[in-house]
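Asks: Handing over work_22.pdb, PDB, C-alpha atoms and all ligand atoms.
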ATOM      1  CA  MET N 462     -22.411 -18.144   0.662
ATOM      2  CA  ALA N 463     -19.744 -18.582   3.325
ATOM      3  CA  VAL N 464     -18.490 -15.481   5.045
ATOM      4  CA  THR N 465     -15.361 -15.804   7.128
ATOM      5  CA  SER N 466     -14.037 -13.479   9.774
ATOM      6  CA  THR N 467     -11.047 -12.696   7.595
ATOM      7  CA  SER N 468     -12.915 -11.543   4.569
ATOM      8  CA  SER N 469     -15.748  -9.208   3.820
ATOM      9  CA  LEU N 470     -17.860  -9.145   0.705
ATOM     10  CA  TYR N 471     -18.321  -6.113  -1.441
ATOM     11  CA  ILE N 472     -21.735  -5.794  -2.968
ATOM     12  CA  GLY N 473     -21.493  -2.649  -4.986
ATOM     13  CA  LEU N 474     -24.428  -0.428  -5.827
ATOM     14  CA  ARG N 475     -24.284   2.547  -8.078
ATOM     15  CA  ARG N 476     -25.070   5.960  -6.695
ATOM     16  CA  PRO N 477     -27.471   7.533  -5.891
ATOM     17  CA  VAL N 478     -28.807   5.560  -2.947
ATOM     18  CA  PRO N 479     -30.917   6.679   0.005
ATOM     19  CA  LYS N 480     -28.980   8.159   2.886
ATOM     20  CA  LEU N 481     -29.427   6.121   6.051
ATOM     21  CA  GLU N 482     -27.881   6.560   9.477
ATOM     22  CA  SER N 483     -25.451   3.681   9.026
ATOM     23  CA  PHE N 484     -24.141   5.048   5.717
ATOM     24  CA  ASP N 485     -21.024   7.045   5.155
ATOM     25  CA  SER N 486     -20.441   8.568   1.754
ATOM     26  CA  HIS N 487     -19.257   5.346   0.168
ATOM     27  CA  SER N 488     -20.414   2.279   1.998
ATOM     28  CA  PHE N 489     -22.544   0.698   4.630
ATOM     29  CA  PHE N 490     -22.122  -2.474   6.556
ATOM     30  CA  HIS N 491     -23.973  -5.441   7.935
ATOM     31  CA  SER N 492     -21.839  -7.830   9.975
ATOM     32  CA  ASN N 493     -19.230  -9.051   7.504
ATOM     33  CA  LEU N 494     -21.178  -7.984   4.466
ATOM     34  CA  ARG N 495     -19.874  -4.845   2.919
ATOM     35  CA  PHE N 496     -22.156  -2.941   0.595
ATOM     36  CA  SER N 497     -20.088  -0.674  -1.582
ATOM     37  CA  LEU N 498     -21.501   2.417  -3.186
ATOM     38  CA  SER N 499     -18.347   2.815  -5.192
ATOM     39  CA  PRO N 500     -18.835   2.755  -8.957
ATOM     40  CA  SER N 501     -15.404   1.122  -9.054
ATOM     41  CA  ARG N 502     -16.799  -1.998  -7.387
ATOM     42  CA  PRO N 503     -20.128  -2.394  -9.127
ATOM     43  CA  VAL N 504     -22.948  -4.719  -8.172
ATOM     44  CA  PHE N 505     -22.118  -7.385 -10.733
ATOM     45  CA  ALA N 506     -18.548  -7.656  -9.476
ATOM     46  CA  MET N 507     -19.239  -9.230  -6.105
ATOM     47  CA  ALA N 508     -15.829 -10.107  -4.702
ATOM     48  CA  ALA N 509     -14.063 -10.742  -1.431
ATOM     49  CA  SER N 510     -12.579  -7.487  -0.196
ATOM     50  CA  PRO N 511      -8.816  -7.376  -0.332
ATOM     51  CA  LYS N 512      -7.095  -7.783   2.992
ATOM     52  CA  PHE N 513      -6.017  -4.469   4.543
ATOM     53  CA  PHE N 514      -2.284  -3.862   4.100
ATOM     54  CA  VAL N 515      -0.123  -1.500   6.133
ATOM     55  CA  GLY N 516       3.553  -0.975   5.399
ATOM     56  CA  GLY N 517       6.038   1.041   7.410
ATOM     57  CA  ASN N 518       8.751   2.567   5.233
ATOM     58  CA  TRP N 519      11.547   3.471   7.632
ATOM     59  CA  LYS N 520      13.530   5.091   4.800
ATOM     60  CA  CYS N 521      17.128   6.025   5.729
ATOM     61  CA  ASN N 522      16.407   6.274   9.458
ATOM     62  CA  GLY N 523      17.498   4.431  12.575
ATOM     63  CA  THR N 524      20.424   3.067  14.515
ATOM     64  CA  LYS N 525      20.870  -0.356  16.125
ATOM     65  CA  ASP N 526      19.545   1.111  19.374
ATOM     66  CA  SER N 527      16.563   3.023  17.997
ATOM     67  CA  ILE N 528      15.544   0.031  15.864
ATOM     68  CA  SER N 529      15.791  -2.290  18.846
ATOM     69  CA  LYS N 530      13.428   0.037  20.770
ATOM     70  CA  LEU N 531      11.012   0.227  17.834
ATOM     71  CA  ILE N 532      10.935  -3.577  17.533
ATOM     72  CA  THR N 533      10.183  -3.903  21.248
ATOM     73  CA  GLU N 534       7.250  -1.508  20.800
ATOM     74  CA  LEU N 535       5.954  -3.335  17.723
ATOM     75  CA  ASN N 536       6.278  -6.758  19.335
ATOM     76  CA  SER N 537       4.195  -5.664  22.313
ATOM     77  CA  ALA N 538       1.564  -3.773  20.284
ATOM     78  CA  LYS N 539      -1.882  -5.280  19.848
ATOM     79  CA  LEU N 540      -2.419  -5.540  16.087
ATOM     80  CA  GLU N 541      -5.761  -6.374  14.502
ATOM     81  CA  PRO N 542      -5.516  -9.850  12.956
ATOM     82  CA  ASP N 543      -7.129  -9.062   9.607
ATOM     83  CA  VAL N 544      -4.267  -6.896   8.324
ATOM     84  CA  ASP N 545      -1.039  -7.656   6.460
ATOM     85  CA  VAL N 546       1.657  -5.741   8.353
ATOM     86  CA  VAL N 547       5.039  -5.117   6.775
ATOM     87  CA  VAL N 548       8.045  -3.012   7.785
ATOM     88  CA  ALA N 549      10.838  -1.840   5.476
ATOM     89  CA  PRO N 550      14.054  -1.161   7.392
ATOM     90  CA  PRO N 551      17.246   0.110   5.759
ATOM     91  CA  PHE N 552      19.147  -2.832   4.193
ATOM     92  CA  LEU N 553      21.828  -2.690   6.874
ATOM     93  CA  TYR N 554      19.362  -3.483   9.662
ATOM     94  CA  ILE N 555      17.207  -6.111   7.930
ATOM     95  CA  ASP N 556      18.994  -8.987   9.644
ATOM     96  CA  GLN N 557      18.630  -7.357  13.079
ATOM     97  CA  VAL N 558      14.922  -6.779  12.450
ATOM     98  CA  LYS N 559      14.323 -10.248  11.042
ATOM     99  CA  SER N 560      15.954 -11.938  14.027
ATOM    100  CA  SER N 561      14.022  -9.983  16.657
ATOM    101  CA  ILE N 562      10.632  -8.981  15.237
ATOM    102  CA  SER N 563       7.477 -11.046  15.730
ATOM    103  CA  ASP N 564       6.571 -13.427  12.877
ATOM    104  CA  ARG N 565       3.318 -11.460  12.678
ATOM    105  CA  ILE N 566       5.174  -8.729  10.802
ATOM    106  CA  GLU N 567       6.807  -9.334   7.422
ATOM    107  CA  ILE N 568       9.901  -7.573   6.150
ATOM    108  CA  SER N 569      10.185  -5.497   3.004
ATOM    109  CA  ALA N 570      13.246  -4.011   1.350
ATOM    110  CA  GLN N 571      13.173  -0.403   0.168
ATOM    111  CA  ASN N 572      14.724  -1.224  -3.203
ATOM    112  CA  SER N 573      16.272  -4.103  -5.155
ATOM    113  CA  TRP N 574      18.575  -4.597  -8.118
ATOM    114  CA  VAL N 575      16.929  -4.937 -11.520
ATOM    115  CA  GLY N 576      18.256  -8.427 -12.285
ATOM    116  CA  LYS N 577      20.411 -11.210 -10.983
ATOM    117  CA  GLY N 578      23.202 -10.130  -8.625
ATOM    118  CA  GLY N 579      26.849  -9.865  -9.672
ATOM    119  CA  ALA N 580      29.220  -7.031 -10.458
ATOM    120  CA  PHE N 581      26.902  -4.162  -9.461
ATOM    121  CA  THR N 582      28.713  -2.123  -6.841
ATOM    122  CA  GLY N 583      26.500  -0.866  -4.060
ATOM    123  CA  GLU N 584      23.410  -2.816  -5.120
ATOM    124  CA  ILE N 585      21.452  -5.506  -3.262
ATOM    125  CA  SER N 586      19.945  -8.359  -5.258
ATOM    126  CA  VAL N 587      16.538  -9.965  -4.938
ATOM    127  CA  GLU N 588      18.286 -13.289  -4.261
ATOM    128  CA  GLN N 589      20.131 -11.741  -1.307
ATOM    129  CA  LEU N 590      16.912 -10.254   0.043
ATOM    130  CA  LYS N 591      15.224 -13.652  -0.103
ATOM    131  CA  ASP N 592      18.256 -15.201   1.599
ATOM    132  CA  VAL N 593      17.710 -13.022   4.692
ATOM    133  CA  GLY N 594      13.965 -13.615   4.848
ATOM    134  CA  VAL N 595      12.604 -10.559   3.031
ATOM    135  CA  LYS N 596       9.138 -11.050   1.493
ATOM    136  CA  TRP N 597       8.429  -7.674  -0.124
ATOM    137  CA  VAL N 598      10.178  -4.834  -1.892
ATOM    138  CA  ILE N 599       9.082  -1.207  -2.306
ATOM    139  CA  LEU N 600       9.721  -0.071  -5.883
ATOM    140  CA  GLY N 601       9.124   3.193  -7.716
ATOM    141  CA  HIS N 602       9.100   5.283  -4.560
ATOM    142  CA  SER N 603       9.044   8.997  -5.404
ATOM    143  CA  GLU N 604      12.324   9.534  -3.571
ATOM    144  CA  ARG N 605      13.983   7.078  -5.948
ATOM    145  CA  ARG N 606      12.181   8.524  -8.967
ATOM    146  CA  HIS N 607      12.861  12.187  -8.233
ATOM    147  CA  ILE N 608      16.077  12.203  -6.157
ATOM    148  CA  ILE N 609      17.918   9.213  -7.636
ATOM    149  CA  GLY N 610      16.385   9.594 -11.122
ATOM    150  CA  GLU N 611      14.851   6.142 -11.663
ATOM    151  CA  LYS N 612      12.650   5.997 -14.740
ATOM    152  CA  ASP N 613       9.348   4.201 -15.346
ATOM    153  CA  GLU N 614      10.782   1.508 -17.598
ATOM    154  CA  PHE N 615      13.623   0.648 -15.190
ATOM    155  CA  ILE N 616      11.162   0.462 -12.300
ATOM    156  CA  GLY N 617       8.892  -1.825 -14.332
ATOM    157  CA  LYS N 618      11.838  -4.146 -15.024
ATOM    158  CA  LYS N 619      12.728  -4.224 -11.333
ATOM    159  CA  ALA N 620       9.144  -5.120 -10.471
ATOM    160  CA  ALA N 621       9.069  -7.919 -13.042
ATOM    161  CA  TYR N 622      12.337  -9.382 -11.788
ATOM    162  CA  ALA N 623      11.366  -9.233  -8.109
ATOM    163  CA  LEU N 624       8.021 -10.895  -8.870
ATOM    164  CA  SER N 625       9.652 -13.586 -10.987
ATOM    165  CA  GLU N 626      11.804 -14.478  -7.967
ATOM    166  CA  GLY N 627       8.804 -14.643  -5.641
ATOM    167  CA  LEU N 628       8.979 -11.317  -3.798
ATOM    168  CA  GLY N 629       5.836  -9.231  -3.367
ATOM    169  CA  VAL N 630       6.104  -5.755  -4.855
ATOM    170  CA  ILE N 631       4.791  -2.548  -3.310
ATOM    171  CA  ALA N 632       4.567  -0.560  -6.536
ATOM    172  CA  CYS N 633       4.538   3.168  -5.873
ATOM    173  CA  ILE N 634       2.947   5.801  -8.074
ATOM    174  CA  GLY N 635       2.170   9.455  -7.498
ATOM    175  CA  GLU N 636       2.185  12.940  -8.956
ATOM    176  CA  LEU N 637       4.229  16.029  -8.102
ATOM    177  CA  LEU N 638       2.474  19.152  -6.823
ATOM    178  CA  GLN N 639       3.015  21.004 -10.105
ATOM    179  CA  GLU N 640       1.574  18.043 -12.016
ATOM    180  CA  ARG N 641      -1.550  18.079  -9.824
ATOM    181  CA  GLU N 642      -1.879  21.847 -10.203
ATOM    182  CA  ALA N 643      -1.556  21.501 -13.973
ATOM    183  CA  GLY N 644      -4.421  18.975 -13.993
ATOM    184  CA  LYS N 645      -2.067  16.138 -14.966
ATOM    185  CA  THR N 646      -2.527  13.809 -11.985
ATOM    186  CA  PHE N 647      -4.261  11.058 -13.935
ATOM    187  CA  ASP N 648      -1.909  11.322 -16.940
ATOM    188  CA  VAL N 649       1.068  10.861 -14.631
ATOM    189  CA  ILE N 650      -0.270   7.951 -12.615
ATOM    190  CA  PHE N 651      -1.628   6.160 -15.698
ATOM    191  CA  GLN N 652       1.772   6.410 -17.352
ATOM    192  CA  GLN N 653       3.433   4.999 -14.215
ATOM    193  CA  LEU N 654       0.844   2.212 -14.069
ATOM    194  CA  LYS N 655       1.383   1.389 -17.737
ATOM    195  CA  ALA N 656       5.112   0.923 -17.136
ATOM    196  CA  TYR N 657       4.330  -1.678 -14.470
ATOM    197  CA  ALA N 658       1.620  -3.309 -16.606
ATOM    198  CA  ASP N 659       3.930  -3.548 -19.627
ATOM    199  CA  ALA N 660       6.547  -5.357 -17.537
ATOM    200  CA  VAL N 661       4.816  -7.596 -15.007
ATOM    201  CA  PRO N 662       3.423 -10.979 -16.058
ATOM    202  CA  SER N 663       0.985 -11.112 -13.138
ATOM    203  CA  TRP N 664      -0.466  -8.736 -10.537
ATOM    204  CA  ASP N 665      -0.996 -11.474  -7.936
ATOM    205  CA  ASN N 666       1.782 -10.243  -5.634
ATOM    206  CA  VAL N 667       1.525  -6.541  -6.313
ATOM    207  CA  VAL N 668       0.212  -3.903  -3.932
ATOM    208  CA  ILE N 669      -0.151  -0.469  -5.511
ATOM    209  CA  ALA N 670       0.834   2.447  -3.280
ATOM    210  CA  TYR N 671      -0.594   5.802  -4.337
ATOM    211  CA  GLU N 672       1.691   8.391  -2.800
ATOM    212  CA  PRO N 673       1.159  11.943  -4.025
ATOM    213  CA  VAL N 674       4.601  13.518  -3.809
ATOM    214  CA  TRP N 675       3.219  16.741  -2.338
ATOM    215  CA  ALA N 676       1.911  14.761   0.640
ATOM    216  CA  ILE N 677       5.106  12.864   1.450
ATOM    217  CA  GLY N 678       6.873  14.118   4.558
ATOM    218  CA  THR N 679       5.073  17.455   4.332
ATOM    219  CA  GLY N 680       2.309  16.992   6.887
ATOM    220  CA  LYS N 681      -0.151  17.809   4.040
ATOM    221  CA  VAL N 682      -2.153  14.591   3.866
ATOM    222  CA  ALA N 683      -4.485  14.106   0.894
ATOM    223  CA  SER N 684      -8.100  14.420   1.968
ATOM    224  CA  PRO N 685      -9.988  11.121   2.054
ATOM    225  CA  GLN N 686     -11.912  12.318  -1.021
ATOM    226  CA  GLN N 687      -8.741  13.232  -2.932
ATOM    227  CA  ALA N 688      -7.202   9.836  -2.204
ATOM    228  CA  GLN N 689     -10.422   7.956  -2.960
ATOM    229  CA  GLU N 690     -10.785   9.772  -6.298
ATOM    230  CA  VAL N 691      -7.343   8.619  -7.441
ATOM    231  CA  HIS N 692      -7.796   5.082  -6.084
ATOM    232  CA  VAL N 693     -11.022   4.774  -8.083
ATOM    233  CA  ALA N 694      -9.202   6.027 -11.183
ATOM    234  CA  VAL N 695      -6.451   3.454 -10.635
ATOM    235  CA  ARG N 696      -9.019   0.680 -10.283
ATOM    236  CA  ASP N 697     -10.817   1.817 -13.425
ATOM    237  CA  TRP N 698      -7.507   1.918 -15.295
ATOM    238  CA  LEU N 699      -6.772  -1.651 -14.176
ATOM    239  CA  THR N 700     -10.240  -2.750 -15.285
ATOM    240  CA  LYS N 701      -9.751  -1.292 -18.749
ATOM    241  CA  ASN N 702      -6.093  -2.172 -19.253
ATOM    242  CA  VAL N 703      -5.546  -5.380 -17.276
ATOM    243  CA  SER N 704      -8.760  -7.090 -16.130
ATOM    244  CA  ALA N 705     -11.782  -6.604 -13.910
ATOM    245  CA  GLU N 706     -10.495  -9.379 -11.666
ATOM    246  CA  VAL N 707      -7.126  -7.698 -11.107
ATOM    247  CA  ALA N 708      -8.880  -4.365 -10.551
ATOM    248  CA  SER N 709     -11.071  -5.833  -7.871
ATOM    249  CA  LYS N 710      -8.402  -7.932  -6.121
ATOM    250  CA  THR N 711      -5.377  -5.616  -6.127
ATOM    251  CA  ARG N 712      -4.774  -3.684  -2.933
ATOM    252  CA  ILE N 713      -4.438   0.061  -3.510
ATOM    253  CA  ILE N 714      -2.928   1.675  -0.454
ATOM    254  CA  TYR N 715      -2.373   5.355   0.291
ATOM    255  CA  GLY N 716       0.836   7.030   1.483
ATOM    256  CA  GLY N 717       1.744  10.604   2.354
ATOM    257  CA  SER N 718       1.620  12.086   5.859
ATOM    258  CA  VAL N 719      -0.544   9.273   7.229
ATOM    259  CA  ASN N 720      -0.575   9.340  11.019
ATOM    260  CA  GLY N 721      -2.494   8.025  13.984
ATOM    261  CA  GLY N 722      -4.872  10.988  13.805
ATOM    262  CA  ASN N 723      -5.943  10.760  10.150
ATOM    263  CA  SER N 724      -5.762   7.053   9.283
ATOM    264  CA  ALA N 725      -9.245   6.109  10.509
ATOM    265  CA  GLU N 726     -10.979   8.681   8.283
ATOM    266  CA  LEU N 727      -8.904   7.626   5.263
ATOM    267  CA  ALA N 728      -9.549   3.936   5.936
ATOM    268  CA  LYS N 729     -13.310   4.488   5.681
ATOM    269  CA  GLU N 730     -12.974   5.148   1.961
ATOM    270  CA  VAL N 731     -14.025   2.045   0.102
ATOM    271  CA  ASP N 732     -11.087   1.988  -2.321
ATOM    272  CA  ILE N 733      -8.375   2.643   0.287
ATOM    273  CA  ASP N 734      -7.071  -0.817   1.163
ATOM    274  CA  GLY N 735      -4.363   0.253   3.593
ATOM    275  CA  PHE N 736      -1.393   2.577   3.948
ATOM    276  CA  LEU N 737       2.282   3.047   3.257
ATOM    277  CA  VAL N 738       3.573   5.045   6.197
ATOM    278  CA  GLY N 739       6.837   6.950   6.500
ATOM    279  CA  GLY N 740       7.539   9.116   9.554
ATOM    280  CA  ALA N 741       4.743   7.730  11.717
ATOM    281  CA  SER N 742       6.023   4.178  11.216
ATOM    282  CA  LEU N 743       9.071   5.040  13.327
ATOM    283  CA  LYS N 744       6.861   5.203  16.430
ATOM    284  CA  GLY N 745       5.566   1.758  17.419
ATOM    285  CA  PRO N 746       2.328   2.756  19.180
ATOM    286  CA  GLU N 747       1.337   5.203  16.419
ATOM    287  CA  PHE N 748       2.074   2.650  13.706
ATOM    288  CA  ALA N 749      -0.140   0.176  15.598
ATOM    289  CA  THR N 750      -2.947   2.760  15.650
ATOM    290  CA  ILE N 751      -2.646   3.082  11.874
ATOM    291  CA  VAL N 752      -2.703  -0.717  11.424
ATOM    292  CA  ASN N 753      -5.767  -0.904  13.648
ATOM    293  CA  SER N 754      -7.624   1.768  11.667
ATOM    294  CA  VAL N 755      -8.920  -1.233   9.697
ATOM    295  CA  THR N 756     -11.648  -1.326  12.350
ATOM    296  CA  SER N 757     -13.133   1.891  10.976
ATOM    297  CA  LYS N 758     -13.983  -0.148   7.845
ATOM    298  CA  LYS N 759     -16.039  -2.548   9.924
ATOM    299  CA  ILE N 760     -19.059  -1.092  11.642
ATOM    300  CA  ALA N 761     -21.111  -3.803  13.264
ATOM    301  CA  ALA N 762     -24.772  -3.552  12.334
TER
HETATM  302  O1  LIG D 801       6.882   8.124   1.546
HETATM  303  C1  LIG D 801       6.091   7.663   2.360
HETATM  304  C2  LIG D 801       5.961   6.215   2.559
HETATM  305  O2  LIG D 801       6.611   5.505   1.563
HETATM  306  C3  LIG D 801       5.262   8.547   3.201
HETATM  307  O3  LIG D 801       6.093   9.267   4.039
HETATM  308  P1  LIG D 801       5.428  10.121   5.220
HETATM  309  O4  LIG D 801       4.408   9.225   5.892
HETATM  310  O5  LIG D 801       6.575  10.469   6.125
HETATM  311  O6  LIG D 801       4.788  11.303   4.582
END
Please lay out the structure from this file as structure tokens.

Replies:
Amino acid sequence: MAVTSTSSLYIGLRRPVPKLESFDSHSFFHSNLRFSLSPSRPVFAMAASPKFFVGGNWKCNGTKDSISKLITELNSAKLEPDVDVVVAPPFLYIDQVKSSISDRIEISAQNSWVGKGGAFTGEISVEQLKDVGVKWVILGHSERRHIIGEKDEFIGKKAAYALSEGLGVIACIGELLQEREAGKTFDVIFQQLKAYADAVPSWDNVVIAYEPVWAIGTGKVASPQQAQEVHVAVRDWLTKNVSAEVASKTRIIYGGSVNGGNSAELAKEVDIDGFLVGGASLKGPEFATIVNSVTSKKIAA
């Protein structure tokens, strides 16, 4: 079986397995072969590992000058090749970013209109985003759900429309602190997932971003185990409600207080396929460190 430098293979085994020096709690490695101990990627589902994906969500931050400085930092950063790297500037600066950032980095929008453009004051259409070279859109972010009031069904429709026009969708899900404390984390994220699943015809261009709301902008990052537990649940939900193939192929990335100091530990978890980064994506060198945490997934034998 061919193994390329840009893909690893997961060969899942069910726990328990003997503890060896080269093991962490979820996986061990031999060259490009990846042996997963995750029940979510079982032995019979041998599949190429999804490519690591790191997005920088700049939110409503930046000026022409600060963005120009950030682009200079990103353009000179050494980024591991085996990672999809995406930045999401505010709409107003997309053109500036597109015309000055390295082709290595793709552009995402932070939102898009639910259908074709027209008389929708203040909105930006998918067609317009494509026109200026945008490849991705972040949808269902908790700040749009909880501050602006966007609902599951509306978000699902946006995702379906963006996908139908050829944009990739970074589909956010995540629970509030009180929902976690009430033991409702899985109910909430499954309901959010169902709204996407009911609307989208295909998951080919979807990256799921699990962003617990209590971890966003708070400095309280989820522990690697907390994030892994939810990512496994998401993958299991996809297996049962969409297909085993979609469950195995879809990138599930984590967001919420990710920084250059915690990304490597999080990246070791077998079901964490990358990150959606807020505050730390505004600093070029730190964002590069987070992108490069993909190396902690690859331990040469
Ligand atoms: O909301 C986020 C990314 O979309 C995460 O934000 P922080 O990394 O600032 O916590």

Asks: For the structure shown, which residues end up in the PyMOL selection byres (((chain N and resi 658) around 12) and not hetatm)? Put them as a VMD selection string, please?

Replies: chain N and resid 613 to 614 616 to 618 620 to 621 632 651 to 657 659 to 664 667 669 698 to 704 707

Asks: Would you write out, as a short mmCIF file (atom, residue, chain, number, x, y, z; two decimals) with C-alpha atoms, in the coordinates of the input, every residue that the PyMOL selection byres (((chain N and resi 724-736) around 7) and not hetatm) captures in this file?

Replies:
data_model
loop_
_atom_site.label_atom_id
_atom_site.label_comp_id
_atom_site.auth_asym_id
_atom_site.auth_seq_id
_atom_site.Cartn_x
_atom_site.Cartn_y
_atom_site.Cartn_z
CA HIS N 487 -19.26 5.35 0.17
CA SER N 488 -20.41 2.28 2.00
CA SER N 497 -20.09 -0.67 -1.58
CA SER N 499 -18.35 2.82 -5.19
CA PRO N 511 -8.82 -7.38 -0.33
CA PHE N 513 -6.02 -4.47 4.54
CA PHE N 514 -2.28 -3.86 4.10
CA VAL N 515 -0.12 -1.50 6.13
CA GLY N 516 3.55 -0.98 5.40
CA PRO N 685 -9.99 11.12 2.05
CA GLN N 689 -10.42 7.96 -2.96
CA HIS N 692 -7.80 5.08 -6.08
CA VAL N 693 -11.02 4.77 -8.08
CA ARG N 712 -4.77 -3.68 -2.93
CA ILE N 713 -4.44 0.06 -3.51
CA ILE N 714 -2.93 1.68 -0.45
CA TYR N 715 -2.37 5.36 0.29
CA GLY N 716 0.84 7.03 1.48
CA VAL N 719 -0.54 9.27 7.23
CA ASN N 720 -0.57 9.34 11.02
CA GLY N 721 -2.49 8.02 13.98
CA GLY N 722 -4.87 10.99 13.80
CA ASN N 723 -5.94 10.76 10.15
CA LEU N 737 2.28 3.05 3.26
CA VAL N 738 3.57 5.04 6.20
CA ILE N 751 -2.65 3.08 11.87
CA SER N 754 -7.62 1.77 11.67
CA VAL N 755 -8.92 -1.23 9.70
CA SER N 757 -13.13 1.89 10.98
CA LYS N 758 -13.98 -0.15 7.84
#

Asks: Starting from the displayed file, determine the output of the PyMOL selection byres (((not hetatm)) within 10 of (chain D and resi 801)) and express the residue list as an MDAnalysis selection string.

Replies: chainID N and resid 516:520 549 571 599:604 631 633 670:682 715:720 736:743

Asks: Using all atoms listed in the file, which of N:Ala570, N:Ala580, N:Val558, N:Leu535 sits nearest Cys521 in chain N?

Replies: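 Checking each of N:Ala570, N:Ala580, N:Val558, N:Leu535 against Cys521 in chain N, counting all atoms listed in the file, the winner is N:Ala570.
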
Asks: Would you mind reading off the distance between CA of Lys596 in chain N and CA of Gly627 in chain N, one decimal, in Å?

Replies: 8.0 Å

Asks: With a distance cut-off of 6 Å and all atoms listed in the file, select the neighbouring residues of range 582-594 of chain N, excluding the residue or stretch itself and same-chain residues fewer than 4 positions from it, and output the selection as JSON, numbers by chain.

Replies: {"N": [573, 574, 578]}

Asks: Which distance in Å separates CA of Ile555 in chain N and CA of Thr524 in chain N, to one decimal?

Replies: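 Atom-to-atom, CA of Ile555 in chain N to CA of Thr524 in chain N, that is 11.7 Å.
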
Asks: Taking all atoms listed in the file into account, which of N:Ser537, N:Pro551, N:Val668, N:Glu640 comes nearest Arg565 in chain N?

Replies: N:Ser537

Asks: One decimal, in Å: what's the spacing between CA of Ala705 in chain N and CA of Val544 in chain N?

Replies: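 Atom-to-atom, CA of Ala705 in chain N and CA of Val544 in chain N are spaced 23.5 Å apart.
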
Asks: List the neighbours of Lys559 in chain N out to 10 Å using all atoms listed in the file; skip same-chain residues closer than 4 positions along the sequence, and give me the result as an mmCIF file with C-alpha atoms, in the coordinates of the input.

Replies:
data_model
loop_
_atom_site.group_PDB
_atom_site.id
_atom_site.type_symbol
_atom_site.label_atom_id
_atom_site.label_comp_id
_atom_site.auth_asym_id
_atom_site.auth_seq_id
_atom_site.Cartn_x
_atom_site.Cartn_y
_atom_site.Cartn_z
ATOM 1 C CA ILE N 532 10.935 -3.577 17.533
ATOM 2 C CA PRO N 550 14.054 -1.161 7.392
ATOM 3 C CA TYR N 554 19.362 -3.483 9.662
ATOM 4 C CA ILE N 555 17.207 -6.111 7.930
ATOM 5 C CA SER N 563 7.477 -11.046 15.730
ATOM 6 C CA ASP N 564 6.571 -13.427 12.877
ATOM 7 C CA ILE N 566 5.174 -8.729 10.802
ATOM 8 C CA GLU N 567 6.807 -9.334 7.422
ATOM 9 C CA ILE N 568 9.901 -7.573 6.150
ATOM 10 C CA VAL N 593 17.710 -13.022 4.692
ATOM 11 C CA GLY N 594 13.965 -13.615 4.848
ATOM 12 C CA VAL N 595 12.604 -10.559 3.031
#

Asks: Could you work out an axis-aligned bounding box for all listed atoms of range 675-684 of chain N, with 3 Å added on each of the six sides, and give its centre and edge lengths in Å to one decimal, as JSON?

Replies:
{"center_x": -0.6, "center_y": 15.3, "center_z": 2.3, "size_x": 21.0, "size_y": 10.9, "size_z": 15.2}

Asks: Kindly indicate which residue among N:Val546, N:Leu531, N:Ala643, N:Ala623 lies nearest to Ser561 in chain N, using all atoms listed in the file for the distances.

Replies: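 Selected residue with least distance to Ser561 in chain N: N:Leu531.
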
Asks: Given the choices N:Lys645, N:Ile609, N:Val598, N:Val575, which gets closest to Tyr622 in chain N if the distance is worked out from all atoms listed in the file?

Replies: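 Using all atoms listed in the file, the shortest distance to Tyr622 in chain N belongs to N:Val575.
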
Asks: Can you tell me which residues surround Trp597 in chain N at a distance of at most 6 Å, considering only C-alpha atoms, apart from same-chain residues fewer than 5 positions away, and format the answer as a PyMOL selection string?

Replies: chain N and resi 569+628-630

Asks: Using only C-alpha atoms for the distances, tell me which of N:Val548, N:Ile562, N:Leu553, N:Val752 is nearest to Lys530 in chain N.

Replies: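 Closest residue, counting only C-alpha atoms: N:Ile562.
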